[in-house]
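Let me begin by presenting the structure, written as structure tokens, before commenting on it.
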Amino acid sequence: MYGIILAGGSGSRLWPLSRELYPKQLLNLNSDKSLLQATFERLKTCMSEDKIISITNTKHSSNVRMQLSELTENPVVLSEPVAKNTAPAIVLAAKYIMQKSNSDPVIIVVPSDHLIQDKDKFLSTVKKGEKLAEKGYIVTFGITPDYPETGYGYINTSEKLDDGFKVKEFVEKPDIETAKKYLHAGTYFWNSGIFMFKASTLFEETTKHAPEIAKLAEKFDFSNSSEIPFIEFDKMPSISIDYAIMEKSDKIALVKLESDWNDLGSWQSIYDVSQKDEHGNVFIGHVLDKESKNSFVYASSKLVATIGLEDTVIVETEDAILACKKDRTQDVKYIFDTLKKQNDNTHLVHKTVYRPWGFYTVIAQGDGFLTKIIHVNPGQKLSVQSHNFRSEHWVILSGTAKVVLEGKELILSSGHSVDIPLKAIHSLQNPYSEDVEVIEVQKGDPLIEEDIIRYEDMYGRV
């Protein structure tokens with residue numbers, strides 16, 4: 001068996017903690033591992049780690065690879081050059097697996113942002129799905145609903161199959177009255193977004209129901225490379241696997257997921273799975289409270305003081321605060337989408353941005369200048385790069401840094417500084433055992449992260 005982890009997505013309903021460039025699957029929400037890392041560990045109960053393939057988009061690939069490198073020596077990460085939804089991603093990842101394995105394996109596809117803690121029951125469910133997949137079904141895993149949820153899609157089933165059911169139809173997120181009818185009918189399940197199939201079955205159904213994707217997929221060759229070329233991939237339609245194949249195929253079966261499951265799609269769902277105090281509150285971070293009830297307060301960088309809240313969500317980050325009623329957390333997506341339309345970077349990135357080599361924090365920004373504190377972990381180094389639109393000035397705050405500037409090596413300790421002229425080829429490195437902190441002042445226009453031309457990079461981002 002092989003596994004595909006879908007590691008893209010923006011996690012817009014968990015704003016302001018989740019951002020477009022650092023979405024919820026990369027966050028540690030309820031443990032010392034991110035949701036992505038927990039997903040990888042869960043799949044390891046079903047297969048060897050070298051058979052787990054992650055597919056994400058280019059803007060997340062370095063963070064995905066960095067997190068998975070903490071769990072396995074050589075993680076396989078495919079990078080989409082542009083977002084095209086789940087159908088093209090799954091089809092190309094399945095083709096990669098077929099070519100690399102030279103076989104027709106059963107493949108399970110899982111989102112990277114679900115909370116599933118009972119690994120044993122998850123494994124037993126996967127084994128049941130594997131039997132149906134071997135028989136030529138595309139298997140989806142359904143969640144037995146225990147209340148009339150309006151935030152999930154539903155799957156209606158018909159006759160019984162071995163360890164599962166034949167799927168009758170997929171239905172969209174319902175209104176509350178429709179959701180109540182689904183709950184009482186007893187044949188409807190929540191759509192978990194987890195799928196399983198033999199590779200050949202997927203390609204047969206793609207050829208039949210999504211011929212444009214099938215035809216374009218023929219042009220991709222992973223024999224000698226894992227690269228997904230932009231020019232060819234950009235021709236793919238942007239469509240989900242549900243719309244492209246699942247809702248049209250007559251080979252769909254459902255297996256009931258026996259383990260616990262939560263898609264952590266809102267702050268309400270985070271509250272639901274978190275340990276609460278005697279008043280029903282969840283407090284994370286530096287929170288001082290008096291007489292609040294059934295509320296969720298998340299403080300990431302400041303003291304948050306609350307008095308007499310009821311059924312309220314407050315989430316504080318360095319640059320944004322969310323406050324809403326607990327039953328309105330699905331509407332957070334409206335805030336995220338509005339910020340995106342307004343080109344407000346608060347939807348895009350945190351002030352602190354994590355990179356494979358460490359992280360940086362933006363501390364000041366104005367017309368033509370930007371100031372950061374850069375933290376480089378021991379043994380790490382930034383790419384060899386240049387900039388077309390900005391010059392930089394570095395001051396070493398702590399540790400010892402190795403700076404490569406136009407082919408010359410400089411060893412700089414605390415208090416030393418260096419100027420990086422416009423278009424100069426340079427690199428900041430930390431070959432030593434102590435952390436390095438550098439204050440960086442950028443001058444130019446525009447001051448954007450895209451103004452990086454990479455020549456060498458130990459993290460494969462060239």
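By convention in this document, the chains of the structure tokens carry letters A, B, ... by their order, each chain's residues are numbered from 1, and ligands are numbered from 1 in the order they are shown.
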Spatial neighbours of A:Glu177, max dist 10 Å, only C-alpha atoms, sep filter under 6 positions, as a list in words: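 The filter keeps Pro148, Thr150 and Leu183 of chain A.
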Could you dump the residues just selected with N, CA and C atoms as a compact mmCIF listing (two decimals), in the first residue's frame?
# COMPACT_ATOMS: atom_id res chain seq x y z
N PRO A 148 -26.71 17.29 13.69
CA PRO A 148 -26.98 17.82 12.34
C PRO A 148 -26.00 18.92 11.94
N THR A 150 -23.91 21.38 9.65
CA THR A 150 -24.12 22.05 8.36
C THR A 150 -22.82 22.43 7.67
N LEU A 183 -29.64 13.13 9.39
CA LEU A 183 -29.30 12.47 10.65
C LEU A 183 -30.31 11.37 10.98
Neighbour list for A:Lys95 as a VMD selection string, cut-off 12 Å, only C-alpha atoms, skip fewer than 5 positions in-chain: chain A and resid 2 4 53 78 88 to 90 100 to 105 107 198 to 203 206 214 216 to 223 226 228
Give me, as a Markdown table, the closest atom pair and its distance (Å, one decimal) for every residue of stretch 62-109 of chain A within a cut-off of 12 Å of stretch 13-24 of chain A, counting only C-alpha atoms, rows sorted by chain and rising number.
| residue | atom | partner | partner_atom | distance |
| --- | --- | --- | --- | --- |
| A:Ser62 | CA | A:Leu21 | CA | 10.9 |
| A:Asn63 | CA | A:Tyr22 | CA | 8.3 |
| A:Val64 | CA | A:Tyr22 | CA | 10.0 |
Please produce a file of the residues just selected, as a PDB file, in the first residue's frame, where the atoms kept are C-alpha atoms.
ATOM      1  CA  SER A  62       9.985  24.018   1.900  1.00  0.00           C
ATOM      2  CA  ASN A  63       8.027  24.046   5.188  1.00  0.00           C
ATOM      3  CA  VAL A  64       6.398  20.675   4.378  1.00  0.00           C
TER       4      VAL A  64
END
Do you have, as a tab-separated table, the list of residues of stretch 212-273 of chain A lying at most 6 Å from stretch 112-115 of chain A, each with its nearest atom pair and that distance in Å to one decimal, counting only C-alpha atoms and ordered by chain then number?
residue	atom	partner	partner_atom	distance
A:Trp261	CA	A:Leu115	CA	5.8
A:Asn262	CA	A:Leu115	CA	5.1
A:Asp263	CA	A:His114	CA	4.4
Could you save the residues just selected, with N, CA and C atoms, as a PDB file, in the first residue's frame?
ATOM      1  N   TRP A 261     -12.452  11.234  14.817  1.00  0.00           N
ATOM      2  CA  TRP A 261     -12.137  12.077  13.660  1.00  0.00           C
ATOM      3  C   TRP A 261     -12.621  13.493  13.916  1.00  0.00           C
ATOM      4  N   ASN A 262     -11.784  14.458  13.569  1.00  0.00           N
ATOM      5  CA  ASN A 262     -12.194  15.855  13.594  1.00  0.00           C
ATOM      6  C   ASN A 262     -11.358  16.575  12.555  1.00  0.00           C
ATOM      7  N   ASP A 263     -12.011  17.359  11.702  1.00  0.00           N
ATOM      8  CA  ASP A 263     -11.237  18.034  10.652  1.00  0.00           C
ATOM      9  C   ASP A 263     -10.651  19.363  11.123  1.00  0.00           C
TER      10      ASP A 263
END
Report as a PyMOL selection string: the residues of stretch 92-284 of chain A with a DSSP assignment of strand (DSSP E), based on the backbone of this structure. chain A and resi 106-111+138-143+154-161+164-171+188-198+252-256+282-284
Writer output for current selection, N, CA and C atoms, as a CSV table (one decimal), in the first residue's frame:
chain,number,residue,atom,x,y,z
A,106,VAL,N,-2.5,-0.4,-4.2
A,106,VAL,CA,-3.6,0.3,-3.6
A,106,VAL,C,-3.0,1.6,-2.9
A,107,ILE,N,-3.7,2.7,-3.1
A,107,ILE,CA,-3.3,4.0,-2.6
A,107,ILE,C,-4.4,4.6,-1.7
A,108,ILE,N,-4.0,5.0,-0.6
A,108,ILE,CA,-4.9,5.8,0.3
A,108,ILE,C,-4.5,7.3,0.2
A,109,VAL,N,-5.5,8.1,0.1
A,109,VAL,CA,-5.3,9.6,0.0
A,109,VAL,C,-5.9,10.2,1.3
A,110,VAL,N,-5.1,11.0,2.0
A,110,VAL,CA,-5.6,11.6,3.3
A,110,VAL,C,-5.2,13.1,3.3
A,111,PRO,N,-6.2,13.9,3.8
A,111,PRO,CA,-5.8,15.3,4.1
A,111,PRO,C,-4.8,15.4,5.2
A,138,ILE,N,-13.5,2.5,-5.8
A,138,ILE,CA,-12.9,3.7,-5.2
A,138,ILE,C,-13.6,3.9,-3.8
A,139,VAL,N,-12.9,3.7,-2.8
A,139,VAL,CA,-13.4,3.7,-1.4
A,139,VAL,C,-13.3,5.1,-0.8
A,140,THR,N,-14.4,5.5,-0.2
A,140,THR,CA,-14.4,6.7,0.6
A,140,THR,C,-14.7,6.3,2.0
A,141,PHE,N,-14.2,7.1,3.0
A,141,PHE,CA,-14.4,6.8,4.4
A,141,PHE,C,-15.4,7.8,5.0
A,142,GLY,N,-16.5,7.2,5.5
A,142,GLY,CA,-17.5,8.1,6.1
A,142,GLY,C,-17.6,8.2,7.6
A,143,ILE,N,-18.0,9.3,8.1
A,143,ILE,CA,-18.1,9.5,9.5
A,143,ILE,C,-19.6,9.4,9.9
A,154,TYR,N,-22.1,15.5,2.8
A,154,TYR,CA,-22.7,14.2,3.2
A,154,TYR,C,-22.6,13.2,2.1
A,155,ILE,N,-22.6,11.9,2.4
A,155,ILE,CA,-22.6,10.8,1.5
A,155,ILE,C,-23.8,9.9,1.8
A,156,ASN,N,-24.7,9.7,0.8
A,156,ASN,CA,-25.8,8.8,1.1
A,156,ASN,C,-25.5,7.4,0.5
A,157,THR,N,-25.8,6.4,1.3
A,157,THR,CA,-25.5,5.0,0.9
A,157,THR,C,-26.7,4.2,0.6
A,158,SER,N,-26.5,3.1,-0.1
A,158,SER,CA,-27.6,2.2,-0.4
A,158,SER,C,-27.3,0.8,0.1
A,159,GLU,N,-27.1,-0.2,-0.8
A,159,GLU,CA,-27.0,-1.6,-0.4
A,159,GLU,C,-25.7,-1.8,0.3
A,160,LYS,N,-25.7,-2.9,1.1
A,160,LYS,CA,-24.5,-3.3,1.9
A,160,LYS,C,-23.5,-4.0,1.0
A,161,LEU,N,-22.2,-3.8,1.3
A,161,LEU,CA,-21.1,-4.5,0.6
A,161,LEU,C,-20.3,-5.1,1.7
A,164,GLY,N,-18.7,-2.6,4.0
A,164,GLY,CA,-19.0,-1.3,3.6
A,164,GLY,C,-20.4,-1.2,3.0
A,165,PHE,N,-20.6,-0.1,2.2
A,165,PHE,CA,-21.8,0.2,1.5
A,165,PHE,C,-21.6,0.7,0.1
A,166,LYS,N,-22.5,0.5,-0.8
A,166,LYS,CA,-22.5,1.2,-2.1
A,166,LYS,C,-22.9,2.6,-1.9
A,167,VAL,N,-22.2,3.5,-2.6
A,167,VAL,CA,-22.6,5.0,-2.4
A,167,VAL,C,-23.7,5.3,-3.5
A,168,LYS,N,-24.7,6.0,-3.0
A,168,LYS,CA,-25.8,6.4,-3.8
A,168,LYS,C,-25.6,7.8,-4.4
A,169,GLU,N,-25.1,8.7,-3.5
A,169,GLU,CA,-24.9,10.1,-4.0
A,169,GLU,C,-24.1,10.9,-2.9
A,170,PHE,N,-23.4,11.9,-3.5
A,170,PHE,CA,-22.7,12.9,-2.6
A,170,PHE,C,-23.6,14.1,-2.6
A,171,VAL,N,-23.8,14.7,-1.4
A,171,VAL,CA,-24.6,15.9,-1.3
A,171,VAL,C,-23.8,17.1,-0.7
A,188,TYR,N,-26.9,8.4,5.8
A,188,TYR,CA,-26.0,9.4,5.4
A,188,TYR,C,-24.8,9.5,6.4
A,189,PHE,N,-23.6,9.8,5.8
A,189,PHE,CA,-22.4,9.9,6.5
A,189,PHE,C,-21.7,11.2,6.2
A,190,TRP,N,-20.9,11.8,7.1
A,190,TRP,CA,-20.1,12.9,6.8
A,190,TRP,C,-19.0,12.5,5.9
A,191,ASN,N,-18.7,13.3,4.9
A,191,ASN,CA,-17.6,13.0,4.0
A,191,ASN,C,-16.2,13.4,4.6
A,192,SER,N,-15.4,12.4,4.9
A,192,SER,CA,-14.1,12.7,5.6
A,192,SER,C,-13.0,13.3,4.7
A,193,GLY,N,-13.2,13.1,3.4
A,193,GLY,CA,-12.2,13.5,2.4
A,193,GLY,C,-11.0,12.5,2.3
A,194,ILE,N,-11.2,11.3,2.9
A,194,ILE,CA,-10.2,10.2,2.8
A,194,ILE,C,-10.7,9.2,1.7
A,195,PHE,N,-9.8,8.9,0.8
A,195,PHE,CA,-10.1,8.0,-0.3
A,195,PHE,C,-9.1,6.8,-0.4
A,196,MET,N,-9.5,5.8,-1.1
A,196,MET,CA,-8.6,4.6,-1.3
A,196,MET,C,-9.0,4.0,-2.7
A,197,PHE,N,-8.0,3.5,-3.4
A,197,PHE,CA,-8.3,2.9,-4.7
A,197,PHE,C,-7.0,2.2,-5.2
A,198,LYS,N,-7.2,1.3,-6.2
A,198,LYS,CA,-6.1,0.8,-6.9
A,198,LYS,C,-5.7,1.9,-8.0
A,252,ILE,N,-18.1,3.6,-6.6
A,252,ILE,CA,-17.8,4.2,-5.3
A,252,ILE,C,-18.4,3.4,-4.1
A,253,ALA,N,-17.6,3.1,-3.2
A,253,ALA,CA,-18.0,2.4,-2.0
A,253,ALA,C,-17.6,3.2,-0.8
A,254,LEU,N,-18.4,3.0,0.3
A,254,LEU,CA,-18.1,3.7,1.6
A,254,LEU,C,-17.8,2.7,2.7
A,255,VAL,N,-16.7,3.0,3.5
A,255,VAL,CA,-16.4,2.2,4.7
A,255,VAL,C,-16.6,3.2,5.8
A,256,LYS,N,-17.2,2.8,6.9
A,256,LYS,CA,-17.4,3.6,8.0
A,256,LYS,C,-16.1,3.7,8.8
A,282,VAL,N,-11.4,27.0,27.7
A,282,VAL,CA,-10.1,26.6,27.2
A,282,VAL,C,-9.2,27.8,27.1
A,283,PHE,N,-8.1,27.8,27.9
A,283,PHE,CA,-7.2,29.0,27.9
A,283,PHE,C,-5.8,28.4,27.4
A,284,ILE,N,-5.3,29.0,26.4
A,284,ILE,CA,-4.0,28.7,25.8
A,284,ILE,C,-3.1,29.9,25.8
For a quick check of understanding, using only C-alpha atoms, which of A:His209, A:His393, A:Lys59, A:His426 has the smallest distance to A:Leu405? A:His426
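The shell of residues at most 7 Å from A:Glu437, with only C-alpha atoms counted and near chain neighbours (fewer than 2 positions) removed, consists of Ile373, Ile374, His375, Val376, Ile396, Leu397, Ser398, Gly399, Asp435 and Ile439 of chain A.
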Those same residues - N, CA and C atoms - I'd like them written as a PDB file, in the first residue's frame.
ATOM      1  N   ILE A 373      14.354  40.650  12.318  1.00  0.00           N
ATOM      2  CA  ILE A 373      15.334  39.895  13.086  1.00  0.00           C
ATOM      3  C   ILE A 373      15.353  38.489  12.517  1.00  0.00           C
ATOM      4  N   ILE A 374      16.530  38.042  12.080  1.00  0.00           N
ATOM      5  CA  ILE A 374      16.698  36.725  11.452  1.00  0.00           C
ATOM      6  C   ILE A 374      17.366  35.789  12.454  1.00  0.00           C
ATOM      7  N   HIS A 375      16.776  34.625  12.640  1.00  0.00           N
ATOM      8  CA  HIS A 375      17.317  33.610  13.554  1.00  0.00           C
ATOM      9  C   HIS A 375      17.726  32.401  12.722  1.00  0.00           C
ATOM     10  N   VAL A 376      19.039  32.077  12.718  1.00  0.00           N
ATOM     11  CA  VAL A 376      19.563  30.953  11.943  1.00  0.00           C
ATOM     12  C   VAL A 376      19.992  29.853  12.911  1.00  0.00           C
ATOM     13  N   ILE A 396      25.103  41.667  13.336  1.00  0.00           N
ATOM     14  CA  ILE A 396      25.056  40.430  14.111  1.00  0.00           C
ATOM     15  C   ILE A 396      24.704  40.773  15.555  1.00  0.00           C
ATOM     16  N   LEU A 397      23.596  40.215  16.040  1.00  0.00           N
ATOM     17  CA  LEU A 397      23.161  40.467  17.417  1.00  0.00           C
ATOM     18  C   LEU A 397      23.755  39.463  18.392  1.00  0.00           C
ATOM     19  N   SER A 398      23.810  38.181  17.980  1.00  0.00           N
ATOM     20  CA  SER A 398      24.369  37.146  18.857  1.00  0.00           C
ATOM     21  C   SER A 398      24.879  35.992  18.016  1.00  0.00           C
ATOM     22  N   GLY A 399      25.831  35.241  18.557  1.00  0.00           N
ATOM     23  CA  GLY A 399      26.418  34.133  17.823  1.00  0.00           C
ATOM     24  C   GLY A 399      27.487  34.598  16.849  1.00  0.00           C
ATOM     25  N   ASP A 435      23.097  29.360  18.197  1.00  0.00           N
ATOM     26  CA  ASP A 435      22.179  30.103  17.336  1.00  0.00           C
ATOM     27  C   ASP A 435      22.797  31.440  16.914  1.00  0.00           C
ATOM     28  N   ILE A 439      20.060  41.340  12.801  1.00  0.00           N
ATOM     29  CA  ILE A 439      19.065  42.336  12.432  1.00  0.00           C
ATOM     30  C   ILE A 439      19.337  42.749  10.986  1.00  0.00           C
TER      31      ILE A 439
END
What residues in stretch 14-167 of chain A get the DSSP label helix (DSSP H, G or I)? Please answer as a PyMOL selection string. chain A and resi 14+24-26+35-43+49-51+58-69+86-101+119-134
Using only C-alpha atoms, what does the table of stretch 265-360 of chain A residues within 12 Å of stretch 378-381 of chain A look like, with each row giving the shortest atom pair and its distance in Å to one decimal, sorted by chain and ascending number, as JSON lines?
{"residue": "A:Arg355", "atom": "CA", "partner": "A:Lys381", "partner_atom": "CA", "distance": 10.5}
{"residue": "A:Pro356", "atom": "CA", "partner": "A:Gln380", "partner_atom": "CA", "distance": 8.2}
{"residue": "A:Trp357", "atom": "CA", "partner": "A:Gln380", "partner_atom": "CA", "distance": 5.2}
{"residue": "A:Gly358", "atom": "CA", "partner": "A:Gln380", "partner_atom": "CA", "distance": 7.9}
{"residue": "A:Phe359", "atom": "CA", "partner": "A:Gln380", "partner_atom": "CA", "distance": 11.3}
Hey, what's within 9 Å of stretch 316-329 of chain A if we count only C-alpha atoms and toss same-chain stuff fewer than 4 positions away? As a PyMOL selection string, please? chain A and resi 13-17+266-268+271+294-302+304+310-312+333+346+350-352
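Contact shell of A:Ile453 at 10 Å (only C-alpha atoms; same-chain neighbours under 5 positions omitted): Ser383, Val384, Gln385, Ser386, His387, Asn388, Lys423, Ile425 and Val462 of chain A.
Distances from A:Val404, A:Thr39, A:Ser249, A:Glu258 to A:Gly129 were compared using only C-alpha atoms, and the smallest one belongs to A:Glu258.
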When you look at A:Ile55 with a cut-off of 6 Å (counting only C-alpha atoms), what residues show up, excluding the ones that are within fewer than 5 positions of it in the same chain? I need them as a PyMOL selection string. chain A and resi 6-7+77-79
Those same residues - C-alpha atoms - I'd like them written as a PDB file, in the first residue's frame.
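The result, stored in result_12.pdb:
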ATOM      1  CA  LEU A   6      -2.672  16.306   0.537  1.00  0.00           C
ATOM      2  CA  ALA A   7      -0.636  19.063   2.167  1.00  0.00           C
ATOM      3  CA  VAL A  77       7.348  15.932  -1.535  1.00  0.00           C
ATOM      4  CA  LEU A  78       5.768  16.819  -4.878  1.00  0.00           C
ATOM      5  CA  SER A  79       5.238  20.549  -5.481  1.00  0.00           C
TER       6      SER A  79
END
For A:Ser391, work out the shell of residues within 8 Å, counting only C-alpha atoms and skipping chain neighbours fewer than 3 positions away, then give it as a list in words. His387, Asp419, Ile420, Pro421, Leu422, Lys423, Gln442, Lys443 and Gly444 of chain A
